[in-house]
Every structure is written in C-alpha cells, then in structure tokens.
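The next block holds one structure in the form of structure tokens; read it before the comments.
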Amino acid sequence: MSYVPPEGWLAAPSLLRPHQAGMHGKVTNIELFFDLVFVYAVTQLSHTLWHDLSLLGALHVLLLFLAVWWVWIFTGWITNWLDPERLAVRLLMLALMFAGLLLSTALPQAFDGHGLLFAGAYACMQVGRSCFMLWALRRSPLPARRNFHRITLWLATTAVLWIAGGLQEGQTRLLYWTIALAIEYLGPALFFYVPGLGRSSTAEWDIEGGHMAERCSLFVMIALGESVVVTGSSFAESGRALDAWLAFVTAFVGCVAMWWIYFDLAVERGSRSIRQSADPGRTARLGYTYLHLLIVAGIVVSAVGDELSLSQPHALATTPQIAVLLGGPALYLLGNALFKMTVTHTNFPLSHLVGLALLLAILVPAGTPNVLSLAALATLVLVISATWETLSLRNLRRELYESTDH
C-alpha cells in the first residue's frame, strides 16, 4: 500500500510520480511490460485447473490464484506511487518481472516438485519490493517510513511461512501456505497493525485513483485475453464440426458479454468515483484490491468452461464441470455487482441479481444438459445481464459521454 507524501519532502532525486492537479498518472510502458508475465500466469492457472477438476485441485488453484493476484495488486499500489520512468524503479520492475516469470513457471507443479521455487519467488517479490520502498522513502518523515515498516514486517513474517511450506509436502504445504495467505489478506483489513508501531490508516494510503482504476482494468483485460487465447487454441485444434462451431461462437459471445458488463460503464464510473473520493485509499482497498479478484477469478474459471465446451461438447456435465460452467459466470457477476456497489454507492444491480438467480435456476436441472448446452445457457445469462444493464443505464451513459466531450 502507499502513503501520500507531505509537502516539502526531501528526495533528491525523487522516485515519486509527478502529480498534476486534474490529471491522473498514465500507465507506463514498463508497467505493461511487467504485466506480460501475468498473462502467462493466468494461462498457467486456467490450464492447471483444467487438468485437475477435483476438489483438492480446485483448492490448490484457488490458493495459487489468490497469491498471483496479491503479488500483482501490491505491485500496482507501489507503481501508483513511484515513478516508473526513474531508472531505479525500472530496474525494480524488471527484477520483479524476472521473479514473476519464475513464479509463473512453477504454478502447475507448485504443490509438487516446484513448491520451493514458487514460494521463494513469491517471498522475494513481496519482501524485496517492500524493502525497496523503505530505501526510496529513506529521506521521508517518520510517518511515511513507519507505514512501510509495518508492511515489511507483515510480509517478512509470511515469507517465513511461504518458504517453510515450500520445504514441506502434501497437506502440510497447503496448511502453511493457507495460513501465510490468510495473514497477508488480513493485513490491509487490519491496517497492518504492529505492536509498538501502531497501525496505518486509509488516509495514509492516499493514491492516484485514475491510475489505480486503469491498472486494474488492464488486468481484467489480461484475463479476458487469456480466455480468447484458450478459445482460439481449442477451436484451432478441433475438427471444425458443427458442435465445435457452436461452442466457439458460444465462448466468444460469452467473452464479449463479460467485456461489456465491466468495460461499458463500470470502468469509467469506478475511475471517476475514486478520483473524486475524499478517501481514495479506502475505495482502492475494497473496490480494487479485494473485489477485483472475484472479477478476475470469474474470467479464469469461465475460460476453463470454454475449453470444456470446445473439447467435450456432448458429454453430460459432471458435478465439477457444472461448478466450472456456472460458477465462473456467477463469480464474475457477483464481483462486478459488489464492485459497482462500492464505487457508485448504490444498491446491488438488479441486472446482476437476476443473472445470479437465473444461474441458480439452471443449476436445478443441470444434471441433464450436456456441456455445450450448459455453456450456452450460462452465456445467455451473461448476455441478458449485459443487455439489461445497458438499457437501464442508457441515460447515465449519455451523461457520461457528454461530460467527457466537454
């Protein structure tokens, strides 16, 4: 997390982003370059889940996904504050990118032979990045350094658990890593409280809201891009029969509906909300740090569902396959709904509530349809939700576009 520097800060030369009133920091090329690693990570996660749809396999992928998201979003907070055009910050990003690539390569075997590689790469990214911030803030007032003293202590504690888990096997490794991840996710919620050092506050996590909104929307685009890659690759390897064409069209339409639900209005509304917020750190903590992981998780799971429908269109859906085919869209709708409630301070979107209810209704007779039919029904629900929201918010869209033009 970040801390807003007070005026008169001594930093020569400053590693902080320059801020201009009424403008938001752009996402730089080095940040986009860094994100390429996570395109690969998302692909690894979806393929890992595809190859093991058991309950234990799903738990493993869930933990790995939460870790991947956490290391990315923490980097997003840091680059929201630091200036990626500075040489030292660029070198940090490249070092994190290398560690992230090692982490990504270890994902499929993280609970087998590559556990220590995964844990070591993850711990190095988390602790190393935080230590860099302590160095970057070495001339700052004490409150600024204290914020990262707390964060570093939390991450150093969990790093021990990650490494210890990497040295274990089986369920012991899962236990160590689950505890480590739970501690890290509790950190921002507990304001990184440390005995003797007190706790941080969201006021200290003041961020440049427009940049944070853009960074998270780009990660959603990464996840959608991975879904497109899975769909295209699976279709290219199919026999191009009628059922393959139907599955291909269904997967594409579902991906478009997901894009529409998030990017049509939610991105701009979220960006405006956090830019105008009196406490942007609080909005970023809940809306972008926690709730966006539901959105991305929904896309990753849906990508597995697309691969299922393309590879096994006529098979009767098993319980794990039903969970994937309906659970992905459900996670996506729930995450979007909660995010929109947070940034717009409105009620749960009715279009998303109806969509979730329809998915639940499909679940009742879900044992009879084949995989392709179930995928088509789930896609239809996403289309209904996207269309409903588009029509219900058409006046708001007009107002947003008019205000943008002026």
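Going by the structure tokens order, chains are called A, B, ..., each with residues numbered from 1, while ligands are numbered from 1 in the order shown.
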Any chance you could list, as a PyMOL selection string, the residues in segment 24-125 of chain A that come up helix (DSSP H, G or I) when DSSP is run on the backbone? chain A and resi 29-51+55-81+87-109+115-125
Tell me which protein, DNA and RNA residues are within 10 Å of Val61 of chain A, counting only C-alpha atoms, leaving out same-chain ones fewer than 6 positions away, and put them as a PyMOL selection string. chain A and resi 44-49+52-53+55+67+107-108+110-111
Deliver the residues from the most recent selection as a file, using all heavy atoms, as a compact mmCIF listing (two decimals), in the first residue's frame.
# COMPACT_ATOMS: atom_id res chain seq x y z
N GLN A 44 -1.40 -20.27 -17.02
CA GLN A 44 -0.96 -21.41 -16.22
C GLN A 44 -2.05 -21.83 -15.22
O GLN A 44 -2.28 -23.02 -15.00
CB GLN A 44 0.32 -21.05 -15.47
CG GLN A 44 1.54 -20.88 -16.35
CD GLN A 44 2.16 -22.22 -16.75
OE1 GLN A 44 1.59 -22.98 -17.52
NE2 GLN A 44 3.31 -22.51 -16.19
N LEU A 45 -2.70 -20.86 -14.62
CA LEU A 45 -3.74 -21.17 -13.64
C LEU A 45 -4.93 -21.88 -14.28
O LEU A 45 -5.43 -22.88 -13.75
CB LEU A 45 -4.20 -19.88 -12.95
CG LEU A 45 -3.22 -19.24 -11.98
CD1 LEU A 45 -3.70 -17.85 -11.58
CD2 LEU A 45 -3.05 -20.12 -10.74
N SER A 46 -5.39 -21.37 -15.42
CA SER A 46 -6.54 -21.99 -16.07
C SER A 46 -6.21 -23.40 -16.56
O SER A 46 -7.03 -24.32 -16.43
CB SER A 46 -7.04 -21.12 -17.23
OG SER A 46 -6.06 -21.03 -18.25
N HIS A 47 -5.00 -23.60 -17.08
CA HIS A 47 -4.61 -24.93 -17.54
C HIS A 47 -4.44 -25.90 -16.37
O HIS A 47 -4.77 -27.09 -16.49
CB HIS A 47 -3.31 -24.85 -18.34
CG HIS A 47 -3.49 -24.26 -19.70
ND1 HIS A 47 -2.45 -24.00 -20.56
CD2 HIS A 47 -4.61 -23.86 -20.36
CE1 HIS A 47 -2.92 -23.47 -21.68
NE2 HIS A 47 -4.23 -23.38 -21.58
N THR A 48 -3.95 -25.39 -15.25
CA THR A 48 -3.80 -26.24 -14.07
C THR A 48 -5.16 -26.71 -13.57
O THR A 48 -5.33 -27.88 -13.21
CB THR A 48 -3.06 -25.48 -12.95
OG1 THR A 48 -1.77 -25.06 -13.43
CG2 THR A 48 -2.86 -26.36 -11.73
N LEU A 49 -6.12 -25.80 -13.55
CA LEU A 49 -7.47 -26.19 -13.13
C LEU A 49 -8.10 -27.15 -14.13
O LEU A 49 -8.79 -28.11 -13.75
CB LEU A 49 -8.35 -24.94 -12.97
CG LEU A 49 -9.80 -25.17 -12.52
CD1 LEU A 49 -9.84 -25.88 -11.16
CD2 LEU A 49 -10.56 -23.85 -12.45
N ASP A 52 -7.05 -30.69 -13.54
CA ASP A 52 -7.43 -31.31 -12.27
C ASP A 52 -8.66 -30.60 -11.71
O ASP A 52 -8.55 -29.62 -10.98
CB ASP A 52 -6.26 -31.23 -11.27
CG ASP A 52 -6.55 -32.01 -9.98
OD1 ASP A 52 -7.64 -32.61 -9.88
OD2 ASP A 52 -5.69 -32.01 -9.10
N LEU A 53 -9.84 -31.13 -12.05
CA LEU A 53 -11.09 -30.53 -11.60
C LEU A 53 -11.59 -31.14 -10.30
O LEU A 53 -12.77 -31.01 -9.96
CB LEU A 53 -12.16 -30.67 -12.69
CG LEU A 53 -12.03 -29.73 -13.89
CD1 LEU A 53 -13.12 -30.02 -14.91
CD2 LEU A 53 -12.08 -28.28 -13.45
N LEU A 55 -11.80 -31.52 -6.08
CA LEU A 55 -11.93 -30.52 -5.04
C LEU A 55 -10.56 -30.05 -4.56
O LEU A 55 -10.33 -28.85 -4.38
CB LEU A 55 -12.74 -31.09 -3.86
CG LEU A 55 -12.95 -30.14 -2.66
CD1 LEU A 55 -13.66 -28.88 -3.10
CD2 LEU A 55 -13.72 -30.86 -1.55
N ALA A 67 -2.59 -15.86 -4.51
CA ALA A 67 -1.21 -15.41 -4.38
C ALA A 67 -0.79 -14.57 -5.59
O ALA A 67 -0.15 -13.52 -5.44
CB ALA A 67 -0.28 -16.62 -4.21
N LEU A 107 3.89 -22.63 -11.25
CA LEU A 107 2.48 -22.78 -10.86
C LEU A 107 1.93 -24.20 -11.05
O LEU A 107 1.32 -24.74 -10.12
CB LEU A 107 1.61 -21.76 -11.62
CG LEU A 107 1.69 -20.31 -11.12
CD1 LEU A 107 0.97 -19.38 -12.07
CD2 LEU A 107 1.13 -20.19 -9.71
N PRO A 108 2.11 -24.85 -12.21
CA PRO A 108 1.50 -26.18 -12.37
C PRO A 108 2.01 -27.22 -11.38
O PRO A 108 1.29 -28.15 -11.03
CB PRO A 108 1.86 -26.55 -13.82
CG PRO A 108 2.13 -25.26 -14.50
CD PRO A 108 2.74 -24.39 -13.45
N ALA A 110 3.41 -26.36 -8.31
CA ALA A 110 3.66 -25.68 -7.04
C ALA A 110 3.39 -26.57 -5.84
O ALA A 110 4.00 -26.41 -4.78
CB ALA A 110 2.81 -24.41 -6.95
N PHE A 111 2.47 -27.52 -5.98
CA PHE A 111 2.18 -28.46 -4.89
C PHE A 111 2.85 -29.80 -5.12
O PHE A 111 2.49 -30.80 -4.50
CB PHE A 111 0.67 -28.62 -4.72
CG PHE A 111 0.02 -27.45 -4.04
CD1 PHE A 111 -0.49 -26.39 -4.78
CD2 PHE A 111 -0.03 -27.38 -2.66
CE1 PHE A 111 -1.07 -25.30 -4.16
CE2 PHE A 111 -0.61 -26.29 -2.02
CZ PHE A 111 -1.13 -25.25 -2.77
Per residue of segment 122-153 of chain A within 10 Å of segment 76-87 of chain A, what are the shortest atom pair and its distance in Å to one decimal, counting only C-alpha atoms, with rows by chain and residue number, as a tab-separated table?
residue	atom	partner	partner_atom	distance
A:Arg129	CA	A:Ile78	CA	8.2
A:Ser130	CA	A:Ile78	CA	8.6
A:Phe132	CA	A:Ile78	CA	9.9
A:Met133	CA	A:Ile78	CA	8.0
A:Ala136	CA	A:Leu82	CA	8.8
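Interatomic distance, atom CA of Ala361 of chain A to atom CA of Phe348 of chain A: 19.2 Å.
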Could you please determine the separation between atom CA of Arg90 of chain A and atom CA of Ile207 of chain A in Å, to one decimal place?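 Pair atom CA of Arg90 of chain A / atom CA of Ile207 of chain A returns 19.8 Å.
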I want to know what sits within 10 Å of Ala266 of chain A, based on only C-alpha atoms, with residues of the same chain fewer than 2 positions away left out; could you give that as a PyMOL selection string? chain A and resi 217+260-264+268-272+336-337+339-340+343-344
Just to be explicit: take each residue in the selection above, keep N, CA, C and O atoms, and write the result as a PDB file, in the first residue's frame.
ATOM      1  N   SER A 217      -8.225  -2.332 -14.524  1.00  0.00           N
ATOM      2  CA  SER A 217      -8.990  -2.635 -15.733  1.00  0.00           C
ATOM      3  C   SER A 217      -8.106  -3.347 -16.759  1.00  0.00           C
ATOM      4  O   SER A 217      -8.573  -4.229 -17.490  1.00  0.00           O
ATOM      5  N   TRP A 260     -18.447  -6.448 -21.909  1.00  0.00           N
ATOM      6  CA  TRP A 260     -19.463  -5.395 -21.889  1.00  0.00           C
ATOM      7  C   TRP A 260     -19.889  -5.061 -20.465  1.00  0.00           C
ATOM      8  O   TRP A 260     -20.045  -3.886 -20.109  1.00  0.00           O
ATOM      9  N   ILE A 261     -20.073  -6.087 -19.645  1.00  0.00           N
ATOM     10  CA  ILE A 261     -20.530  -5.873 -18.273  1.00  0.00           C
ATOM     11  C   ILE A 261     -19.544  -5.014 -17.494  1.00  0.00           C
ATOM     12  O   ILE A 261     -19.945  -4.162 -16.686  1.00  0.00           O
ATOM     13  N   TYR A 262     -18.272  -5.197 -17.736  1.00  0.00           N
ATOM     14  CA  TYR A 262     -17.267  -4.446 -16.970  1.00  0.00           C
ATOM     15  C   TYR A 262     -16.848  -3.158 -17.656  1.00  0.00           C
ATOM     16  O   TYR A 262     -16.756  -2.104 -17.021  1.00  0.00           O
ATOM     17  N   PHE A 263     -16.605  -3.205 -18.945  1.00  0.00           N
ATOM     18  CA  PHE A 263     -15.989  -2.067 -19.621  1.00  0.00           C
ATOM     19  C   PHE A 263     -16.982  -1.058 -20.184  1.00  0.00           C
ATOM     20  O   PHE A 263     -16.582   0.059 -20.523  1.00  0.00           O
ATOM     21  N   ASP A 264     -18.239  -1.408 -20.298  1.00  0.00           N
ATOM     22  CA  ASP A 264     -19.196  -0.466 -20.878  1.00  0.00           C
ATOM     23  C   ASP A 264     -19.317   0.796 -20.032  1.00  0.00           C
ATOM     24  O   ASP A 264     -19.172   1.915 -20.530  1.00  0.00           O
ATOM     25  N   GLU A 268     -15.375   3.456 -16.241  1.00  0.00           N
ATOM     26  CA  GLU A 268     -15.408   4.915 -16.170  1.00  0.00           C
ATOM     27  C   GLU A 268     -16.045   5.392 -14.870  1.00  0.00           C
ATOM     28  O   GLU A 268     -15.549   6.338 -14.239  1.00  0.00           O
ATOM     29  N   ARG A 269     -17.119   4.739 -14.447  1.00  0.00           N
ATOM     30  CA  ARG A 269     -17.761   5.134 -13.192  1.00  0.00           C
ATOM     31  C   ARG A 269     -16.829   4.897 -12.012  1.00  0.00           C
ATOM     32  O   ARG A 269     -16.744   5.713 -11.091  1.00  0.00           O
ATOM     33  N   GLY A 270     -16.123   3.771 -12.036  1.00  0.00           N
ATOM     34  CA  GLY A 270     -15.185   3.491 -10.961  1.00  0.00           C
ATOM     35  C   GLY A 270     -14.042   4.485 -10.931  1.00  0.00           C
ATOM     36  O   GLY A 270     -13.630   4.952  -9.865  1.00  0.00           O
ATOM     37  N   SER A 271     -13.521   4.829 -12.108  1.00  0.00           N
ATOM     38  CA  SER A 271     -12.418   5.773 -12.191  1.00  0.00           C
ATOM     39  C   SER A 271     -12.830   7.146 -11.672  1.00  0.00           C
ATOM     40  O   SER A 271     -12.100   7.786 -10.907  1.00  0.00           O
ATOM     41  N   ARG A 272     -14.003   7.590 -12.058  1.00  0.00           N
ATOM     42  CA  ARG A 272     -14.481   8.898 -11.589  1.00  0.00           C
ATOM     43  C   ARG A 272     -14.713   8.890 -10.081  1.00  0.00           C
ATOM     44  O   ARG A 272     -14.410   9.856  -9.386  1.00  0.00           O
ATOM     45  N   ASN A 336     -18.567  -8.085 -10.094  1.00  0.00           N
ATOM     46  CA  ASN A 336     -18.945  -6.821 -10.726  1.00  0.00           C
ATOM     47  C   ASN A 336     -19.998  -6.086  -9.914  1.00  0.00           C
ATOM     48  O   ASN A 336     -19.934  -4.859  -9.764  1.00  0.00           O
ATOM     49  N   ALA A 337     -20.970  -6.824  -9.413  1.00  0.00           N
ATOM     50  CA  ALA A 337     -22.041  -6.189  -8.640  1.00  0.00           C
ATOM     51  C   ALA A 337     -21.496  -5.534  -7.374  1.00  0.00           C
ATOM     52  O   ALA A 337     -21.832  -4.378  -7.057  1.00  0.00           O
ATOM     53  N   PHE A 339     -18.410  -4.626  -6.790  1.00  0.00           N
ATOM     54  CA  PHE A 339     -17.538  -3.519  -7.176  1.00  0.00           C
ATOM     55  C   PHE A 339     -18.355  -2.279  -7.523  1.00  0.00           C
ATOM     56  O   PHE A 339     -18.036  -1.162  -7.075  1.00  0.00           O
ATOM     57  N   LYS A 340     -19.409  -2.463  -8.294  1.00  0.00           N
ATOM     58  CA  LYS A 340     -20.242  -1.319  -8.691  1.00  0.00           C
ATOM     59  C   LYS A 340     -20.946  -0.703  -7.493  1.00  0.00           C
ATOM     60  O   LYS A 340     -21.092   0.522  -7.409  1.00  0.00           O
ATOM     61  N   VAL A 343     -18.138   1.483  -5.636  1.00  0.00           N
ATOM     62  CA  VAL A 343     -17.648   2.717  -6.257  1.00  0.00           C
ATOM     63  C   VAL A 343     -18.770   3.711  -6.567  1.00  0.00           C
ATOM     64  O   VAL A 343     -18.508   4.903  -6.696  1.00  0.00           O
ATOM     65  N   THR A 344     -20.008   3.225  -6.704  1.00  0.00           N
ATOM     66  CA  THR A 344     -21.107   4.134  -7.024  1.00  0.00           C
ATOM     67  C   THR A 344     -22.029   4.373  -5.840  1.00  0.00           C
ATOM     68  O   THR A 344     -22.942   5.192  -5.930  1.00  0.00           O
TER      69      THR A 344
END
Would you kindly return, as an MDAnalysis selection string, each protein, DNA or RNA residue with an atom no farther than 7 Å from any atom of Ile299 of chain A, considering only C-alpha atoms and excluding same-chain residues fewer than 3 positions away? chainID A and resid 223:224 295:296 302:303 328 332
